[in-house]
>>> print(open('target_17.csv').read())   # CSV, C-alpha atoms
chain,number,residue,atom,x,y,z
A,556,MET,CA,-8.9,-24.3,14.2
A,557,LYS,CA,-7.8,-25.5,10.8
A,558,ALA,CA,-9.2,-23.2,8.1
A,559,LEU,CA,-9.2,-23.2,4.3
A,560,VAL,CA,-9.2,-19.9,2.6
A,561,THR,CA,-10.2,-19.8,-1.1
A,562,GLY,CA,-8.7,-16.8,-3.0
A,563,ALA,CA,-6.0,-16.7,-0.3
A,564,SER,CA,-3.6,-14.7,-2.5
A,565,GLY,CA,-6.1,-11.9,-3.2
A,566,PHE,CA,-6.8,-8.7,-1.4
A,567,THR,CA,-9.4,-9.8,1.1
A,568,GLY,CA,-8.2,-13.4,1.3
A,569,SER,CA,-4.6,-12.5,2.2
A,570,HIS,CA,-5.8,-10.2,5.0
A,571,LEU,CA,-7.9,-13.0,6.3
A,572,VAL,CA,-4.9,-15.4,6.1
A,573,LYS,CA,-2.9,-13.0,8.2
A,574,ALA,CA,-5.6,-12.6,10.8
A,575,LEU,CA,-6.0,-16.4,11.1
A,576,SER,CA,-2.2,-16.9,11.3
A,577,GLN,CA,-1.9,-14.2,14.0
A,578,ARG,CA,-4.4,-16.2,16.1
A,579,GLY,CA,-2.3,-19.3,15.8
A,580,ASP,CA,-4.8,-21.1,13.5
A,581,THR,CA,-3.6,-23.6,10.9
A,582,VAL,CA,-4.3,-22.2,7.5
A,583,VAL,CA,-4.6,-23.8,4.1
A,584,GLY,CA,-4.9,-21.6,1.0
A,585,LEU,CA,-6.4,-22.6,-2.3
A,586,VAL,CA,-4.6,-20.7,-5.1
A,587,ARG,CA,-4.1,-21.0,-8.8
A,588,LYS,CA,-0.6,-21.9,-10.2
A,589,SER,CA,-0.7,-18.6,-11.9
A,590,SER,CA,-1.4,-16.6,-8.7
A,591,ASN,CA,0.9,-13.9,-7.5
A,592,LEU,CA,1.8,-15.0,-4.0
A,593,GLN,CA,3.4,-11.7,-3.0
A,594,ARG,CA,0.6,-10.8,-0.5
A,595,LEU,CA,1.3,-14.1,1.3
A,596,ALA,CA,5.0,-13.4,1.9
A,597,ASN,CA,5.9,-14.3,5.5
A,598,CYS,CA,2.6,-15.9,6.2
A,599,GLN,CA,2.3,-19.3,7.8
A,600,ILE,CA,0.2,-21.1,5.2
A,601,ASP,CA,0.0,-24.5,3.4
A,602,LEU,CA,-0.8,-24.0,-0.2
A,603,VAL,CA,-2.9,-26.2,-2.4
A,604,TYR,CA,-2.9,-25.4,-6.1
A,605,GLY,CA,-6.0,-25.7,-8.2
A,606,GLU,CA,-8.9,-24.0,-9.8
A,607,ILE,CA,-11.9,-23.1,-7.7
A,608,SER,CA,-14.1,-25.5,-9.6
A,609,ASP,CA,-11.6,-28.4,-9.4
A,610,ARG,CA,-13.3,-31.0,-7.3
A,611,ALA,CA,-10.1,-33.1,-6.8
A,612,ALA,CA,-8.2,-30.0,-5.6
A,613,LEU,CA,-11.0,-29.0,-3.3
A,614,LYS,CA,-11.1,-32.5,-1.7
A,615,ALA,CA,-7.4,-32.4,-1.0
A,616,ALA,CA,-7.6,-28.8,0.3
A,617,MET,CA,-10.5,-29.7,2.7
A,618,SER,CA,-8.8,-32.7,4.4
A,619,GLY,CA,-9.2,-32.2,8.1
A,620,ILE,CA,-10.6,-28.7,7.7
A,621,ASP,CA,-12.9,-27.2,10.3
A,622,VAL,CA,-14.0,-24.0,8.5
A,623,VAL,CA,-13.9,-23.1,4.9
A,624,PHE,CA,-13.7,-19.3,4.2
A,625,HIS,CA,-14.9,-18.9,0.6
A,626,VAL,CA,-13.5,-15.6,-0.5
A,627,ALA,CA,-12.4,-16.2,-4.1
A,628,ALA,CA,-14.4,-14.3,-6.7
A,629,TYR,CA,-14.1,-12.6,-10.1
A,630,VAL,CA,-14.8,-9.0,-9.2
A,631,GLU,CA,-15.1,-6.5,-12.1
A,632,LEU,CA,-17.5,-4.1,-13.7
A,633,GLY,CA,-17.6,-2.9,-17.3
A,634,ILE,CA,-16.1,-5.2,-20.0
A,635,VAL,CA,-15.8,-8.7,-18.5
A,636,ASN,CA,-15.5,-12.3,-19.5
A,637,GLU,CA,-19.0,-13.3,-18.5
A,638,ALA,CA,-18.4,-17.0,-19.1
A,639,GLU,CA,-15.4,-16.9,-16.8
A,640,MET,CA,-17.3,-14.9,-14.2
A,641,VAL,CA,-20.0,-17.6,-14.2
A,642,ARG,CA,-17.3,-20.3,-13.8
A,643,VAL,CA,-15.6,-18.7,-10.9
A,644,ASN,CA,-18.5,-17.0,-9.0
A,645,VAL,CA,-21.3,-19.5,-9.6
A,646,GLU,CA,-19.7,-22.9,-10.5
A,647,GLY,CA,-16.8,-22.3,-8.1
A,648,THR,CA,-19.2,-21.7,-5.3
A,649,ARG,CA,-21.2,-24.8,-6.3
A,650,ALA,CA,-18.1,-26.9,-6.1
A,651,ILE,CA,-17.1,-25.4,-2.7
A,652,VAL,CA,-20.6,-26.0,-1.3
A,653,GLU,CA,-20.6,-29.6,-2.5
A,654,ALA,CA,-17.2,-30.3,-1.0
A,655,ALA,CA,-18.1,-28.7,2.3
A,656,GLN,CA,-21.2,-30.8,2.4
A,657,THR,CA,-19.1,-33.9,1.8
A,658,VAL,CA,-16.5,-33.3,4.5
A,659,GLY,CA,-18.9,-31.7,7.0
A,660,ALA,CA,-17.0,-28.5,7.2
A,661,LYS,CA,-18.5,-25.2,8.3
A,662,LEU,CA,-18.7,-22.6,5.5
A,663,VAL,CA,-18.3,-18.8,5.8
A,664,TYR,CA,-19.1,-17.3,2.4
A,665,CYS,CA,-17.9,-13.8,1.5
A,666,SER,CA,-20.9,-12.4,-0.5
A,667,THR,CA,-21.8,-8.8,-1.2
A,668,ILE,CA,-24.4,-6.2,-0.4
A,669,GLY,CA,-25.0,-6.2,-4.2
A,670,ILE,CA,-27.3,-9.2,-3.8
A,671,PHE,CA,-30.0,-6.8,-2.6
A,672,GLY,CA,-30.0,-5.1,-6.0
A,673,ASP,CA,-30.8,-1.4,-6.3
A,674,THR,CA,-32.4,-0.3,-3.1
A,675,LYS,CA,-33.1,3.2,-4.6
A,676,GLY,CA,-31.5,4.9,-1.6
A,677,GLU,CA,-33.5,3.0,1.0
A,678,THR,CA,-31.3,1.8,3.9
A,679,VAL,CA,-31.9,-1.9,4.2
A,680,ASP,CA,-31.0,-4.8,6.5
A,681,GLU,CA,-30.8,-8.5,6.1
A,682,THR,CA,-34.6,-8.9,6.0
A,683,PHE,CA,-34.8,-6.9,2.7
A,684,VAL,CA,-36.2,-8.8,-0.3
A,685,ARG,CA,-34.7,-7.8,-3.6
A,686,GLN,CA,-37.0,-5.6,-5.6
A,687,GLN,CA,-34.9,-4.9,-8.7
A,688,GLN,CA,-36.1,-6.7,-11.8
A,689,GLY,CA,-33.1,-8.1,-13.7
A,690,PHE,CA,-29.5,-7.4,-12.9
A,691,SER,CA,-27.2,-4.4,-13.3
A,692,SER,CA,-24.1,-6.5,-14.3
A,693,ALA,CA,-22.7,-9.9,-14.8
A,694,TYR,CA,-21.1,-9.5,-11.4
A,695,ASP,CA,-24.5,-8.6,-9.8
A,696,ARG,CA,-26.1,-11.7,-11.4
A,697,THR,CA,-23.3,-14.2,-10.6
A,698,LYS,CA,-23.0,-13.2,-7.0
A,699,TYR,CA,-26.7,-13.3,-6.6
A,700,ASN,CA,-26.9,-16.8,-8.1
A,701,ALA,CA,-23.9,-17.9,-5.9
A,702,GLN,CA,-25.7,-16.7,-2.8
A,703,GLN,CA,-28.8,-18.7,-3.8
A,704,LEU,CA,-26.6,-21.9,-3.9
A,705,VAL,CA,-25.2,-21.2,-0.4
A,706,ASP,CA,-28.7,-20.5,1.0
A,707,LEU,CA,-30.1,-23.7,-0.5
A,708,ALA,CA,-27.3,-25.7,1.0
A,709,ALA,CA,-27.9,-24.1,4.3
A,710,ALA,CA,-31.6,-25.0,4.1
A,711,GLN,CA,-30.5,-28.6,3.4
A,712,GLY,CA,-28.4,-28.7,6.6
A,713,LEU,CA,-25.0,-27.2,5.7
A,714,ASN,CA,-23.6,-25.0,8.5
A,715,ALA,CA,-23.1,-22.0,6.2
A,716,ILE,CA,-22.9,-18.3,7.2
A,717,SER,CA,-22.8,-15.5,4.7
A,718,VAL,CA,-21.1,-12.1,5.3
A,719,LEU,CA,-22.2,-9.3,2.9
A,720,PRO,CA,-19.6,-6.6,2.8
A,721,SER,CA,-20.0,-3.1,1.3
A,722,GLY,CA,-17.1,-1.4,-0.5
A,723,ILE,CA,-13.9,-3.0,0.8
A,724,PHE,CA,-11.0,-0.5,1.4
A,725,GLY,CA,-7.4,-0.9,2.5
A,726,ASP,CA,-4.0,0.5,1.7
A,727,ASP,CA,-3.3,-2.3,-0.8
A,728,ASP,CA,-6.8,-2.3,-2.4
A,729,PRO,CA,-6.4,-3.2,-6.1
A,730,HIS,CA,-9.6,-1.5,-7.1
A,731,PHE,CA,-9.7,1.9,-5.4
A,732,GLY,CA,-6.0,1.9,-4.5
A,733,PRO,CA,-4.7,3.3,-7.8
A,734,VAL,CA,-7.3,6.1,-7.6
A,735,LEU,CA,-6.2,6.9,-4.1
A,736,GLN,CA,-2.5,6.9,-5.1
A,737,ALA,CA,-3.3,9.4,-7.9
A,738,PHE,CA,-5.3,11.6,-5.5
A,739,LEU,CA,-2.5,11.6,-2.9
A,740,ARG,CA,0.0,12.6,-5.6
A,741,GLY,CA,-2.2,15.5,-6.5
A,742,ARG,CA,-3.0,14.1,-10.0
A,743,LEU,CA,-6.7,13.5,-9.5
A,744,LYS,CA,-8.4,16.8,-10.4
A,745,LEU,CA,-11.7,15.5,-11.9
A,746,TRP,CA,-14.0,12.7,-10.7
A,747,ALA,CA,-17.4,11.3,-11.7
A,748,GLY,CA,-20.3,11.0,-9.4
A,749,GLY,CA,-19.5,13.0,-6.3
A,750,GLN,CA,-23.1,12.4,-5.0
A,751,ARG,CA,-22.9,8.6,-5.4
A,752,VAL,CA,-23.4,7.0,-2.0
A,753,THR,CA,-21.1,4.1,-1.1
A,754,GLY,CA,-20.7,1.9,1.9
A,755,ILE,CA,-17.2,1.3,3.3
A,756,VAL,CA,-15.5,-1.3,5.4
A,757,HIS,CA,-11.8,-1.7,6.1
A,758,VAL,CA,-10.5,-5.0,4.8
A,759,ASP,CA,-9.0,-5.9,8.2
A,760,ASP,CA,-12.4,-5.3,9.9
A,761,LEU,CA,-14.0,-7.5,7.3
A,762,ALA,CA,-11.5,-10.3,8.1
A,763,THR,CA,-12.5,-9.9,11.8
A,764,ALA,CA,-16.1,-10.1,10.9
A,765,MET,CA,-15.5,-13.4,9.0
A,766,LEU,CA,-13.7,-14.8,12.1
A,767,LEU,CA,-16.6,-13.8,14.3
A,768,ALA,CA,-19.1,-15.3,11.9
A,769,ALA,CA,-17.2,-18.6,12.1
A,770,GLU,CA,-17.3,-18.5,15.9
A,771,LYS,CA,-20.7,-17.0,16.6
A,772,GLY,CA,-22.7,-17.0,13.4
A,773,LYS,CA,-26.0,-18.9,13.2
A,774,PRO,CA,-26.3,-21.4,10.4
A,775,GLY,CA,-28.0,-20.0,7.4
A,776,THR,CA,-27.7,-16.4,8.6
A,777,HIS,CA,-26.6,-13.4,6.6
A,778,TYR,CA,-24.6,-10.6,8.2
A,779,ILE,CA,-24.2,-7.2,6.5
A,780,ILE,CA,-20.6,-5.9,7.0
A,781,SER,CA,-20.3,-2.1,6.6
A,782,ALA,CA,-18.9,0.7,8.8
A,783,GLY,CA,-21.3,3.2,7.2
A,784,ASP,CA,-22.3,5.1,4.1
A,785,LEU,CA,-21.1,8.4,2.7
A,786,THR,CA,-21.0,10.1,-0.7
A,787,THR,CA,-17.9,9.9,-2.9
A,788,ARG,CA,-17.4,13.7,-2.4
A,789,GLU,CA,-17.5,13.3,1.4
A,790,MET,CA,-15.0,10.5,1.1
A,791,PHE,CA,-12.6,12.7,-0.9
A,792,GLU,CA,-13.1,15.5,1.5
A,793,ILE,CA,-12.1,13.3,4.5
A,794,LEU,CA,-9.1,12.0,2.5
A,795,GLY,CA,-8.2,15.5,1.4
A,796,GLN,CA,-8.3,17.0,4.9
A,797,GLU,CA,-6.0,14.2,6.2
A,798,ALA,CA,-3.6,14.7,3.3
A,799,GLY,CA,-3.9,18.4,2.8
A,800,ILE,CA,-5.2,18.0,-0.8
A,801,ALA,CA,-8.4,19.5,-2.3
A,802,ALA,CA,-11.1,17.2,-3.3
A,803,PRO,CA,-11.5,16.7,-7.1
A,804,VAL,CA,-14.1,18.6,-9.0
A,805,ASP,CA,-17.2,16.8,-10.2
A,806,ALA,CA,-17.2,16.0,-13.9
A,807,PRO,CA,-20.4,17.0,-15.8
A,808,VAL,CA,-22.9,14.2,-15.8
A,809,TRP,CA,-23.6,14.6,-19.5
A,810,LEU,CA,-19.9,14.3,-20.3
A,811,VAL,CA,-19.5,11.1,-18.2
A,812,ARG,CA,-22.6,9.5,-19.8
A,813,LEU,CA,-21.3,10.5,-23.3
A,814,LEU,CA,-17.9,9.0,-22.7
A,815,GLY,CA,-19.4,5.8,-21.3
A,816,ASN,CA,-21.5,5.4,-24.4
A,817,LEU,CA,-18.5,6.1,-26.7
A,818,LEU,CA,-15.9,4.0,-24.9
A,819,ASP,CA,-18.1,1.0,-24.3
A,820,PRO,CA,-18.2,-0.4,-27.9
A,821,ILE,CA,-14.5,0.5,-28.3
A,822,GLY,CA,-13.6,-1.5,-25.3
A,823,ARG,CA,-15.7,-4.5,-26.4
A,824,LEU,CA,-14.1,-4.4,-29.9
A,825,PHE,CA,-10.6,-4.4,-28.6
A,826,SER,CA,-11.1,-6.4,-25.4
A,827,TRP,CA,-10.0,-3.3,-23.4
A,828,GLN,CA,-11.3,-2.2,-20.0
A,829,PRO,CA,-12.0,1.6,-20.5
A,830,PRO,CA,-12.2,3.9,-17.4
A,831,LEU,CA,-15.8,4.5,-18.3
A,832,SER,CA,-18.4,2.1,-19.8
A,833,ARG,CA,-22.2,2.0,-19.9
A,834,GLU,CA,-22.2,-0.4,-16.9
A,835,ARG,CA,-19.8,1.7,-14.8
A,836,VAL,CA,-21.8,4.8,-15.6
A,837,HIS,CA,-25.0,3.0,-14.5
A,838,TYR,CA,-23.3,2.1,-11.1
A,839,ILE,CA,-22.2,5.7,-10.7
A,840,TYR,CA,-25.5,7.5,-11.3
A,841,ASP,CA,-28.4,5.1,-11.5
A,842,ARG,CA,-27.9,2.5,-8.8
A,843,CYS,CA,-27.8,3.0,-5.0
A,844,VAL,CA,-27.5,0.3,-2.3
A,845,GLN,CA,-27.5,1.5,1.3
A,846,VAL,CA,-27.3,-0.9,4.2
A,847,ASP,CA,-27.5,-1.2,8.0
A,848,ALA,CA,-25.0,-3.4,9.7
A,849,THR,CA,-26.6,-3.4,13.2
A,850,LYS,CA,-27.1,-7.2,13.2
A,851,ALA,CA,-23.4,-8.0,12.9
A,852,ARG,CA,-22.7,-5.6,15.7
A,853,GLN,CA,-25.3,-7.0,18.0
A,854,GLU,CA,-25.1,-10.8,17.2
A,855,LEU,CA,-21.4,-11.1,16.5
A,856,GLY,CA,-20.0,-8.3,18.7
A,857,TRP,CA,-18.4,-6.8,15.6
A,858,GLN,CA,-16.8,-3.4,16.3
A,859,PRO,CA,-15.3,-1.9,13.2
A,860,ARG,CA,-13.4,1.4,13.0
A,861,SER,CA,-15.5,4.3,11.7
A,862,VAL,CA,-15.7,5.3,8.1
A,863,GLU,CA,-13.6,8.4,8.9
A,864,GLN,CA,-10.9,6.3,10.7
A,865,THR,CA,-10.9,3.8,7.9
A,866,LEU,CA,-10.0,6.5,5.4
A,867,LYS,CA,-7.5,8.2,7.7
A,868,ASP,CA,-5.7,4.9,8.3
A,869,ILE,CA,-5.4,4.4,4.5
A,870,VAL,CA,-3.9,7.8,4.0
A,871,LYS,CA,-1.5,7.2,6.9
A,872,ALA,CA,-0.5,3.8,5.4
A,873,ASN,CA,0.2,5.5,2.0
A,874,SER,CA,2.1,8.5,3.3
>>> encode(input="target_17.csv", output="structure tokens")
Amino acid sequence: MKALVTGASGFTGSHLVKALSQRGDTVVGLVRKSSNLQRLANCQIDLVYGEISDRAALKAAMSGIDVVFHVAAYVELGIVNEAEMVRVNVEGTRAIVEAAQTVGAKLVYCSTIGIFGDTKGETVDETFVRQQQGFSSAYDRTKYNAQQLVDLAAAQGLNAISVLPSGIFGDDDPHFGPVLQAFLRGRLKLWAGGQRVTGIVHVDDLATAMLLAAEKGKPGTHYIISAGDLTTREMFEILGQEAGIAAPVDAPVWLVRLLGNLLDPIGRLFSWQPPLSRERVHYIYDRCVQVDATKARQELGWQPRSVEQTLKDIVKANS
């Protein structure tokens, strides 16, 4: 198989590139000229340089391609460049879809369980219809709009399959990784939202799911990709038991909300991403998305490691 991976130099994209290379597939990666290629060191990959919305670059990248894995995304909460997020997440997906339609390539799109909106603690599957009015963030809105583009193209005949991962974890995770490093060094004594429920999937298990989706996925189908849910406190307890470190103490809710309200305008004024903002506080306390990944297990034969094993493997890799 000859595959194109967008966002190849990123966290998820690089793990997918490695999985494809290990199988002996031919891999083409779409990256920006400014991309840090360190994650792709020692990978067998042909690089095409261009922006995600660059039609000419996409046409060149998709030459002879069998499957396009669209992984590239602008992922961030809090103080973001909304126009840039629209350009990458929505217009970039539009360009990818149009190019895949032109060349007749299969598309595997890496979406997010966030497209379901706030499920208010209800555990949902792929049949769930979004109930939330409006959106919790620019990321929430742009990924939902991008998913609509993929679904429309699938309805028009594009062989497109969408995988919807929960929280993506790994030893080189750029989002939770710094928190984990601080915790394992004994520097994380306080944490916000210990009762927040989050879904977890190991990045390598997500890569496997995307490969299975390309092989076995039905056109137009969505597959939730999650090893399971747990609270943040439970997560730290598992990590702590493995590393011999006590879980951090929960910060008072009133203090976290106060800091979010105070730091948000400061961050916007100085174009600074504060550790807490109104949007981040909303995700910590007011929004809950819980999912059931049975469909991926049954239809794709996906067999991820457990939530507990995912966390233990990360601790081991960082020891």
>>> atom_distance(input="target_17.csv", atom1="CA of Gly722 in chain A", atom2="CA of Thr753 in chain A")
6.8 Å
>>> atom_distance(input="target_17.csv", atom1="CA of Val560 in chain A", atom2="CA of Gly584 in chain A")
4.9 Å
>>> closest_atom_pairs(input="target_17.csv", of="range 637-745 of chain A", to="range 600-619 of chain A", cutoff="12 Å", atoms="only C-alpha atoms", output="JSON lines")
{"residue": "A:Glu639", "atom": "CA", "partner": "A:Ser608", "partner_atom": "CA", "distance": 11.3}
{"residue": "A:Met640", "atom": "CA", "partner": "A:Ile607", "partner_atom": "CA", "distance": 11.8}
{"residue": "A:Val641", "atom": "CA", "partner": "A:Ser608", "partner_atom": "CA", "distance": 10.9}
{"residue": "A:Arg642", "atom": "CA", "partner": "A:Ser608", "partner_atom": "CA", "distance": 7.4}
{"residue": "A:Val643", "atom": "CA", "partner": "A:Ile607", "partner_atom": "CA", "distance": 6.6}
{"residue": "A:Asn644", "atom": "CA", "partner": "A:Ile607", "partner_atom": "CA", "distance": 9.1}
{"residue": "A:Val645", "atom": "CA", "partner": "A:Ser608", "partner_atom": "CA", "distance": 9.4}
{"residue": "A:Glu646", "atom": "CA", "partner": "A:Ser608", "partner_atom": "CA", "distance": 6.2}
{"residue": "A:Gly647", "atom": "CA", "partner": "A:Ser608", "partner_atom": "CA", "distance": 4.4}
{"residue": "A:Thr648", "atom": "CA", "partner": "A:Ser608", "partner_atom": "CA", "distance": 7.7}
{"residue": "A:Arg649", "atom": "CA", "partner": "A:Ser608", "partner_atom": "CA", "distance": 7.9}
{"residue": "A:Ala650", "atom": "CA", "partner": "A:Ser608", "partner_atom": "CA", "distance": 5.5}
{"residue": "A:Ile651", "atom": "CA", "partner": "A:Leu613", "partner_atom": "CA", "distance": 7.1}
{"residue": "A:Val652", "atom": "CA", "partner": "A:Leu613", "partner_atom": "CA", "distance": 10.3}
{"residue": "A:Glu653", "atom": "CA", "partner": "A:Arg610", "partner_atom": "CA", "distance": 8.8}
{"residue": "A:Ala654", "atom": "CA", "partner": "A:Lys614", "partner_atom": "CA", "distance": 6.5}
{"residue": "A:Ala655", "atom": "CA", "partner": "A:Met617", "partner_atom": "CA", "distance": 7.7}
{"residue": "A:Gln656", "atom": "CA", "partner": "A:Met617", "partner_atom": "CA", "distance": 10.8}
{"residue": "A:Thr657", "atom": "CA", "partner": "A:Lys614", "partner_atom": "CA", "distance": 8.8}
{"residue": "A:Val658", "atom": "CA", "partner": "A:Met617", "partner_atom": "CA", "distance": 7.2}
{"residue": "A:Gly659", "atom": "CA", "partner": "A:Met617", "partner_atom": "CA", "distance": 9.6}
{"residue": "A:Ala660", "atom": "CA", "partner": "A:Met617", "partner_atom": "CA", "distance": 8.0}
{"residue": "A:Lys661", "atom": "CA", "partner": "A:Met617", "partner_atom": "CA", "distance": 10.8}
{"residue": "A:Leu662", "atom": "CA", "partner": "A:Met617", "partner_atom": "CA", "distance": 11.2}
>>> residues_around(input="target_17.csv", residues="range 865-873 of chain A", least_positions_apart="3", cutoff="12 Å", atoms="only C-alpha atoms", output="PDB file with C-alpha atoms, keeping the file's coordinate frame")
ATOM      1  CA  GLY A 722     -17.100  -1.400  -0.500  1.00  0.00           C
ATOM      2  CA  ILE A 723     -13.900  -3.000   0.800  1.00  0.00           C
ATOM      3  CA  PHE A 724     -11.000  -0.500   1.400  1.00  0.00           C
ATOM      4  CA  GLY A 725      -7.400  -0.900   2.500  1.00  0.00           C
ATOM      5  CA  ASP A 726      -4.000   0.500   1.700  1.00  0.00           C
ATOM      6  CA  ASP A 727      -3.300  -2.300  -0.800  1.00  0.00           C
ATOM      7  CA  ASP A 728      -6.800  -2.300  -2.400  1.00  0.00           C
ATOM      8  CA  PHE A 731      -9.700   1.900  -5.400  1.00  0.00           C
ATOM      9  CA  GLY A 732      -6.000   1.900  -4.500  1.00  0.00           C
ATOM     10  CA  PRO A 733      -4.700   3.300  -7.800  1.00  0.00           C
ATOM     11  CA  LEU A 735      -6.200   6.900  -4.100  1.00  0.00           C
ATOM     12  CA  GLN A 736      -2.500   6.900  -5.100  1.00  0.00           C
ATOM     13  CA  ALA A 737      -3.300   9.400  -7.900  1.00  0.00           C
ATOM     14  CA  PHE A 738      -5.300  11.600  -5.500  1.00  0.00           C
ATOM     15  CA  LEU A 739      -2.500  11.600  -2.900  1.00  0.00           C
ATOM     16  CA  ARG A 740       0.000  12.600  -5.600  1.00  0.00           C
ATOM     17  CA  GLY A 754     -20.700   1.900   1.900  1.00  0.00           C
ATOM     18  CA  ILE A 755     -17.200   1.300   3.300  1.00  0.00           C
ATOM     19  CA  VAL A 756     -15.500  -1.300   5.400  1.00  0.00           C
ATOM     20  CA  HIS A 757     -11.800  -1.700   6.100  1.00  0.00           C
ATOM     21  CA  VAL A 758     -10.500  -5.000   4.800  1.00  0.00           C
ATOM     22  CA  ASP A 759      -9.000  -5.900   8.200  1.00  0.00           C
ATOM     23  CA  ASP A 760     -12.400  -5.300   9.900  1.00  0.00           C
ATOM     24  CA  LEU A 761     -14.000  -7.500   7.300  1.00  0.00           C
ATOM     25  CA  SER A 781     -20.300  -2.100   6.600  1.00  0.00           C
ATOM     26  CA  ALA A 782     -18.900   0.700   8.800  1.00  0.00           C
ATOM     27  CA  GLY A 783     -21.300   3.200   7.200  1.00  0.00           C
ATOM     28  CA  LEU A 785     -21.100   8.400   2.700  1.00  0.00           C
ATOM     29  CA  THR A 787     -17.900   9.900  -2.900  1.00  0.00           C
ATOM     30  CA  GLU A 789     -17.500  13.300   1.400  1.00  0.00           C
ATOM     31  CA  MET A 790     -15.000  10.500   1.100  1.00  0.00           C
ATOM     32  CA  PHE A 791     -12.600  12.700  -0.900  1.00  0.00           C
ATOM     33  CA  GLU A 792     -13.100  15.500   1.500  1.00  0.00           C
ATOM     34  CA  ILE A 793     -12.100  13.300   4.500  1.00  0.00           C
ATOM     35  CA  LEU A 794      -9.100  12.000   2.500  1.00  0.00           C
ATOM     36  CA  GLY A 795      -8.200  15.500   1.400  1.00  0.00           C
ATOM     37  CA  GLN A 796      -8.300  17.000   4.900  1.00  0.00           C
ATOM     38  CA  GLU A 797      -6.000  14.200   6.200  1.00  0.00           C
ATOM     39  CA  ALA A 798      -3.600  14.700   3.300  1.00  0.00           C
ATOM     40  CA  GLY A 799      -3.900  18.400   2.800  1.00  0.00           C
ATOM     41  CA  ILE A 800      -5.200  18.000  -0.800  1.00  0.00           C
ATOM     42  CA  PRO A 859     -15.300  -1.900  13.200  1.00  0.00           C
ATOM     43  CA  ARG A 860     -13.400   1.400  13.000  1.00  0.00           C
ATOM     44  CA  SER A 861     -15.500   4.300  11.700  1.00  0.00           C
ATOM     45  CA  VAL A 862     -15.700   5.300   8.100  1.00  0.00           C
TER      46      VAL A 862
END
>>> atom_distance(input="target_17.csv", atom1="CA of Tyr629 in chain A", atom2="CA of Tyr664 in chain A")
14.3 Å
>>> closest_residue(input="target_17.csv", among="A:Gly562, A:Gly749, A:Pro720, A:Gly669", to="Tyr840 in chain A", atoms="all atoms listed in the file")
A:Gly749
>>> decode(input="target_17.csv", residues="range 642-672 of chain A", atoms="C-alpha atoms", output="mmCIF file, in the first residue's frame")
data_model
loop_
_atom_site.group_PDB
_atom_site.id
_atom_site.type_symbol
_atom_site.label_atom_id
_atom_site.label_comp_id
_atom_site.auth_asym_id
_atom_site.auth_seq_id
_atom_site.Cartn_x
_atom_site.Cartn_y
_atom_site.Cartn_z
ATOM 1 C CA ARG A 642 -7.825 27.374 8.005
ATOM 2 C CA VAL A 643 -6.158 24.197 9.222
ATOM 3 C CA ASN A 644 -9.037 22.147 10.602
ATOM 4 C CA VAL A 645 -11.853 23.120 8.232
ATOM 5 C CA GLU A 646 -10.339 24.473 5.034
ATOM 6 C CA GLY A 647 -7.478 22.000 5.229
ATOM 7 C CA THR A 648 -9.944 19.133 5.493
ATOM 8 C CA ARG A 649 -11.950 20.587 2.601
ATOM 9 C CA ALA A 650 -8.808 20.614 0.431
ATOM 10 C CA ILE A 651 -7.906 17.049 1.442
ATOM 11 C CA VAL A 652 -11.416 15.806 0.656
ATOM 12 C CA GLU A 653 -11.446 17.491 -2.751
ATOM 13 C CA ALA A 654 -8.018 16.102 -3.653
ATOM 14 C CA ALA A 655 -8.977 12.581 -2.534
ATOM 15 C CA GLN A 656 -12.145 12.802 -4.646
ATOM 16 C CA THR A 657 -10.090 13.891 -7.657
ATOM 17 C CA VAL A 658 -7.552 11.063 -7.477
ATOM 18 C CA GLY A 659 -9.980 8.423 -6.184
ATOM 19 C CA ALA A 660 -8.006 7.639 -3.025
ATOM 20 C CA LYS A 661 -9.516 6.166 0.116
ATOM 21 C CA LEU A 662 -9.614 8.609 3.038
ATOM 22 C CA VAL A 663 -9.165 7.744 6.710
ATOM 23 C CA TYR A 664 -9.915 10.849 8.737
ATOM 24 C CA CYS A 665 -8.700 11.284 12.316
ATOM 25 C CA SER A 666 -11.579 13.114 13.965
ATOM 26 C CA THR A 667 -12.411 13.311 17.697
ATOM 27 C CA ILE A 668 -15.091 12.193 20.133
ATOM 28 C CA GLY A 669 -15.550 15.918 20.724
ATOM 29 C CA ILE A 670 -17.859 16.067 17.695
ATOM 30 C CA PHE A 671 -20.567 14.556 19.931
ATOM 31 C CA GLY A 672 -20.517 17.657 22.122
#
